[in-house]
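Asks: Dropping a structure here in structure tokens format, bear with me for questions.
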Amino acid sequence: MGVFTNFIGPAGGLSGGTKGGIIQIRYAIKTDTASTSNSSFVDISGLSISITPTRSDNQIFVTGHVTGDGHQGDTRNNMRIKRTISGSSIYPAIGDAYSNRTRAILGFYQGADDNTPMTSGYGFLDDTNTTSEVTYTWQFQEANATGSSVYINRSSAWTDSSSHCTGSSTIIVMEISA
């Protein structure tokens, strides 16, 4: 899915030397659920998107929302985005390293309420310095290594009840002109 154009801007165009026009947009939505009990980061199936920049000095704006949950009281769902170019991966927009703390973009923890997943929005600009295909993939982990599971698009309680909602998660990437 995508919108293809060489330029989106005001009807009269951006003035000379102005940065920030949208060149192309890609979008993915995950409406099914996922879970893991792995204490190492793993990819979230269906929450990945690829884009091929038209110029190496353009930036990629990565945004969207993620819905998640941890098991009541004993799990932490840490999340990050993996960026892959030509088989090499890094993790943009993660927090700084502090002692043993996990470097992530966001995390979910449920205290006493296991019926409602939480949703968080995110956004960052990424300098890829390439015209090769760039793939962004959400990853998650069960951070406490308790063997319990963490979830995407659902609550940890999963009985057939109107109080246990399902959610969605999205990833949107836009090439922004230099």
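Each chain of the structure tokens is named A, B, ... in the order shown, its residues numbered from 1; ligands are numbered from 1 in display order.
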So that I can check the secondary structure, give me every residue of region 55-100 of chain A assigned strand (DSSP E or B) by backbone DSSP, as a ChimeraX atom specification.
Replies: /A:59-70,77-85,88-90
Asks: For the residues in that selection, give me N, CA, C and O atoms as a short mmCIF file (atom, residue, chain, number, x, y, z; two decimals), in the first residue's frame.
Replies:
```
data_model
loop_
_atom_site.label_atom_id
_atom_site.label_comp_id
_atom_site.auth_asym_id
_atom_site.auth_seq_id
_atom_site.Cartn_x
_atom_site.Cartn_y
_atom_site.Cartn_z
N GLN A 59 15.17 12.47 4.49
CA GLN A 59 14.94 11.79 5.76
C GLN A 59 13.68 10.96 5.66
O GLN A 59 12.81 11.20 4.81
N ILE A 60 13.56 9.99 6.57
CA ILE A 60 12.36 9.17 6.67
C ILE A 60 11.69 9.50 8.00
O ILE A 60 12.32 9.41 9.06
N PHE A 61 10.42 9.93 7.93
CA PHE A 61 9.63 10.16 9.13
C PHE A 61 8.88 8.87 9.43
O PHE A 61 8.14 8.37 8.59
N VAL A 62 9.10 8.31 10.62
CA VAL A 62 8.48 7.06 11.05
C VAL A 62 7.48 7.40 12.15
O VAL A 62 7.85 8.02 13.15
N THR A 63 6.23 7.01 11.98
CA THR A 63 5.20 7.33 12.96
C THR A 63 4.14 6.24 12.99
O THR A 63 4.18 5.30 12.20
N GLY A 64 3.19 6.37 13.88
CA GLY A 64 2.09 5.42 14.00
C GLY A 64 1.69 5.26 15.45
O GLY A 64 1.94 6.14 16.29
N HIS A 65 1.09 4.13 15.76
CA HIS A 65 0.72 3.80 17.15
C HIS A 65 0.87 2.30 17.36
O HIS A 65 0.80 1.51 16.42
N VAL A 66 1.08 1.93 18.62
CA VAL A 66 1.20 0.52 18.99
C VAL A 66 0.32 0.27 20.21
O VAL A 66 0.31 1.06 21.16
N THR A 67 -0.43 -0.83 20.18
CA THR A 67 -1.28 -1.25 21.29
C THR A 67 -0.66 -2.49 21.91
O THR A 67 -0.28 -3.42 21.18
N GLY A 68 -0.53 -2.52 23.22
CA GLY A 68 0.10 -3.67 23.87
C GLY A 68 -0.29 -3.81 25.32
O GLY A 68 -0.95 -2.95 25.91
N ASP A 69 0.14 -4.91 25.90
CA ASP A 69 -0.17 -5.22 27.30
C ASP A 69 0.87 -6.21 27.82
O ASP A 69 1.53 -6.90 27.06
N GLY A 70 0.99 -6.25 29.12
CA GLY A 70 1.78 -7.26 29.80
C GLY A 70 0.87 -8.02 30.74
O GLY A 70 -0.20 -7.54 31.10
N ASN A 77 6.44 -5.15 28.77
CA ASN A 77 6.50 -5.30 27.33
C ASN A 77 7.33 -4.14 26.78
O ASN A 77 6.83 -3.04 26.62
N ASN A 78 8.62 -4.36 26.55
CA ASN A 78 9.49 -3.34 25.96
C ASN A 78 9.47 -3.47 24.45
O ASN A 78 9.42 -4.57 23.91
N MET A 79 9.54 -2.31 23.76
CA MET A 79 9.42 -2.32 22.31
C MET A 79 10.44 -1.39 21.67
O MET A 79 10.81 -0.36 22.25
N ARG A 80 10.88 -1.78 20.47
CA ARG A 80 11.80 -0.94 19.69
C ARG A 80 11.55 -1.21 18.22
O ARG A 80 10.88 -2.18 17.85
N ILE A 81 12.11 -0.33 17.37
CA ILE A 81 12.03 -0.52 15.92
C ILE A 81 13.41 -0.90 15.41
O ILE A 81 14.41 -0.27 15.77
N LYS A 82 13.44 -1.95 14.59
CA LYS A 82 14.67 -2.38 13.93
C LYS A 82 14.67 -1.80 12.53
O LYS A 82 13.69 -1.94 11.79
N ARG A 83 15.76 -1.11 12.15
CA ARG A 83 15.90 -0.60 10.78
C ARG A 83 16.93 -1.46 10.07
O ARG A 83 18.05 -1.62 10.54
N THR A 84 16.55 -2.02 8.90
CA THR A 84 17.44 -2.90 8.15
C THR A 84 17.68 -2.32 6.76
O THR A 84 16.73 -1.98 6.05
N ILE A 85 18.97 -2.18 6.42
CA ILE A 85 19.39 -1.74 5.09
C ILE A 85 20.45 -2.72 4.61
O ILE A 85 21.46 -2.92 5.29
N SER A 88 21.97 -5.21 7.11
CA SER A 88 22.52 -4.69 8.37
C SER A 88 21.42 -3.97 9.15
O SER A 88 20.69 -3.15 8.58
N SER A 89 21.32 -4.27 10.45
CA SER A 89 20.26 -3.69 11.26
C SER A 89 20.82 -2.83 12.38
O SER A 89 21.86 -3.15 12.96
N ILE A 90 20.09 -1.74 12.66
CA ILE A 90 20.35 -0.90 13.84
C ILE A 90 19.00 -0.56 14.45
O ILE A 90 17.95 -0.92 13.91
#
```
Asks: Report as a PDB file with N, CA and C atoms, in the first residue's frame all protein, DNA and RNA residues lying within 9 Å of Gly167 (chain A), evaluated on only C-alpha atoms, omitting residues in the same chain fewer than 2 positions from it.
Replies:
```
ATOM      1  N   LYS A  30      -1.625  -3.598  11.636  1.00  0.00           N
ATOM      2  CA  LYS A  30      -1.743  -4.950  12.196  1.00  0.00           C
ATOM      3  C   LYS A  30      -3.017  -4.968  13.033  1.00  0.00           C
ATOM      4  N   THR A  31      -3.963  -5.822  12.669  1.00  0.00           N
ATOM      5  CA  THR A  31      -5.210  -5.911  13.416  1.00  0.00           C
ATOM      6  C   THR A  31      -5.357  -7.230  14.161  1.00  0.00           C
ATOM      7  N   ASP A  32      -4.494  -8.214  13.835  1.00  0.00           N
ATOM      8  CA  ASP A  32      -4.526  -9.464  14.580  1.00  0.00           C
ATOM      9  C   ASP A  32      -3.646  -9.323  15.819  1.00  0.00           C
ATOM     10  N   THR A  33      -3.549 -10.354  16.602  1.00  0.00           N
ATOM     11  CA  THR A  33      -2.792 -10.291  17.854  1.00  0.00           C
ATOM     12  C   THR A  33      -1.453 -11.010  17.734  1.00  0.00           C
ATOM     13  N   VAL A  66       1.076   1.929  18.618  1.00  0.00           N
ATOM     14  CA  VAL A  66       1.197   0.523  18.985  1.00  0.00           C
ATOM     15  C   VAL A  66       0.322   0.268  20.207  1.00  0.00           C
ATOM     16  N   THR A  67      -0.428  -0.831  20.177  1.00  0.00           N
ATOM     17  CA  THR A  67      -1.275  -1.247  21.288  1.00  0.00           C
ATOM     18  C   THR A  67      -0.663  -2.495  21.905  1.00  0.00           C
ATOM     19  N   GLY A  68      -0.528  -2.517  23.224  1.00  0.00           N
ATOM     20  CA  GLY A  68       0.099  -3.666  23.867  1.00  0.00           C
ATOM     21  C   GLY A  68      -0.294  -3.814  25.320  1.00  0.00           C
ATOM     22  N   PRO A 117      -5.689  -3.163  27.062  1.00  0.00           N
ATOM     23  CA  PRO A 117      -4.350  -2.856  26.558  1.00  0.00           C
ATOM     24  C   PRO A 117      -4.171  -1.346  26.455  1.00  0.00           C
ATOM     25  N   MET A 118      -2.929  -0.912  26.412  1.00  0.00           N
ATOM     26  CA  MET A 118      -2.613   0.507  26.281  1.00  0.00           C
ATOM     27  C   MET A 118      -2.149   0.794  24.866  1.00  0.00           C
ATOM     28  N   THR A 119      -2.380   2.020  24.411  1.00  0.00           N
ATOM     29  CA  THR A 119      -1.951   2.445  23.080  1.00  0.00           C
ATOM     30  C   THR A 119      -1.047   3.654  23.226  1.00  0.00           C
ATOM     31  N   ILE A 152       0.409  -7.929  21.845  1.00  0.00           N
ATOM     32  CA  ILE A 152       0.145  -6.845  20.919  1.00  0.00           C
ATOM     33  C   ILE A 152      -1.323  -6.957  20.495  1.00  0.00           C
ATOM     34  N   ASN A 153      -2.021  -5.825  20.542  1.00  0.00           N
ATOM     35  CA  ASN A 153      -3.414  -5.689  20.103  1.00  0.00           C
ATOM     36  C   ASN A 153      -4.429  -6.481  20.923  1.00  0.00           C
ATOM     37  N   ARG A 154      -4.091  -6.802  22.154  1.00  0.00           N
ATOM     38  CA  ARG A 154      -5.048  -7.479  23.033  1.00  0.00           C
ATOM     39  C   ARG A 154      -4.637  -7.282  24.484  1.00  0.00           C
ATOM     40  N   SER A 155      -5.571  -7.549  25.367  1.00  0.00           N
ATOM     41  CA  SER A 155      -5.272  -7.514  26.794  1.00  0.00           C
ATOM     42  C   SER A 155      -4.724  -8.868  27.219  1.00  0.00           C
ATOM     43  N   CYS A 165     -10.959  -5.672  25.197  1.00  0.00           N
ATOM     44  CA  CYS A 165     -10.947  -5.162  23.822  1.00  0.00           C
ATOM     45  C   CYS A 165      -9.766  -5.696  23.022  1.00  0.00           C
ATOM     46  N   SER A 169      -2.419  -1.764  15.588  1.00  0.00           N
ATOM     47  CA  SER A 169      -1.123  -1.077  15.628  1.00  0.00           C
ATOM     48  C   SER A 169      -0.765  -0.707  14.198  1.00  0.00           C
TER      49      SER A 169
END
```
Asks: Could you tell me how far CA of Glu175 (chain A) lies from CA of Gln24 (chain A), in Å and to one decimal?
Replies: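 Calculated distance between CA of Glu175 (chain A) and CA of Gln24 (chain A) is 5.4 Å.
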Asks: Let me make sure I understand: among A:Ile49, A:Ala157, A:Ile105, A:Ala93, which one has the smallest atom-to-atom distance to Val134 (chain A) if we use only C-alpha atoms?
Replies: A:Ile49
Asks: I'd like the contact shell of Ser37 (chain A) - 6 Å cut-off, only C-alpha atoms, skipping same-chain residues fewer than 4 positions apart - returned as a PDB file with all heavy atoms, in the first residue's frame.
Replies:
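Once written, result_10.pdb looks like this:
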```pdb
ATOM      1  N   GLU A 142       9.458  -9.757  26.461  1.00  0.00           N
ATOM      2  CA  GLU A 142       8.943  -9.866  27.828  1.00  0.00           C
ATOM      3  C   GLU A 142      10.144  -9.602  28.723  1.00  0.00           C
ATOM      4  O   GLU A 142      11.010 -10.451  28.904  1.00  0.00           O
ATOM      5  CB  GLU A 142       8.347 -11.252  28.071  1.00  0.00           C
ATOM      6  CG  GLU A 142       7.532 -11.356  29.355  1.00  0.00           C
ATOM      7  CD  GLU A 142       8.384 -11.375  30.600  1.00  0.00           C
ATOM      8  OE1 GLU A 142       9.120 -12.347  30.792  1.00  0.00           O
ATOM      9  OE2 GLU A 142       8.339 -10.392  31.376  1.00  0.00           O
ATOM     10  N   GLY A 147       8.642 -15.861  32.115  1.00  0.00           N
ATOM     11  CA  GLY A 147       7.963 -16.927  31.395  1.00  0.00           C
ATOM     12  C   GLY A 147       6.527 -16.574  31.062  1.00  0.00           C
ATOM     13  O   GLY A 147       5.852 -17.299  30.347  1.00  0.00           O
ATOM     14  N   SER A 148       6.025 -15.466  31.618  1.00  0.00           N
ATOM     15  CA  SER A 148       4.696 -14.985  31.254  1.00  0.00           C
ATOM     16  C   SER A 148       4.787 -14.334  29.882  1.00  0.00           C
ATOM     17  O   SER A 148       5.869 -14.061  29.386  1.00  0.00           O
ATOM     18  CB  SER A 148       4.198 -13.976  32.282  1.00  0.00           C
ATOM     19  OG  SER A 148       4.005 -14.603  33.533  1.00  0.00           O
ATOM     20  N   SER A 149       3.650 -14.037  29.295  1.00  0.00           N
ATOM     21  CA  SER A 149       3.632 -13.452  27.953  1.00  0.00           C
ATOM     22  C   SER A 149       3.305 -11.972  27.983  1.00  0.00           C
ATOM     23  O   SER A 149       2.685 -11.481  28.918  1.00  0.00           O
ATOM     24  CB  SER A 149       2.593 -14.165  27.083  1.00  0.00           C
ATOM     25  OG  SER A 149       2.977 -15.506  26.853  1.00  0.00           O
TER      26      SER A 149
END
```
Asks: Calculated over only C-alpha atoms, which of the candidates A:His71, A:Phe140, A:Asn115, A:Thr130 has the smallest distance to Ser163 (chain A)?
Replies: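 Counting only C-alpha atoms, the residue closest to Ser163 (chain A) is A:Asn115.
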Asks: With only C-alpha atoms as the atoms that count, which of A:Gly107, A:Asp126, A:Arg26, A:Thr159 lies nearest to Gly95 (chain A)?
Replies: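 Nearest to Gly95 (chain A): A:Gly107.
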Asks: Out of A:Ile171, A:Arg76, A:Val150, A:Thr116, which residue has the shortest atom-to-atom distance to Ala104 (chain A) when counting only C-alpha atoms?
Replies: A:Arg76
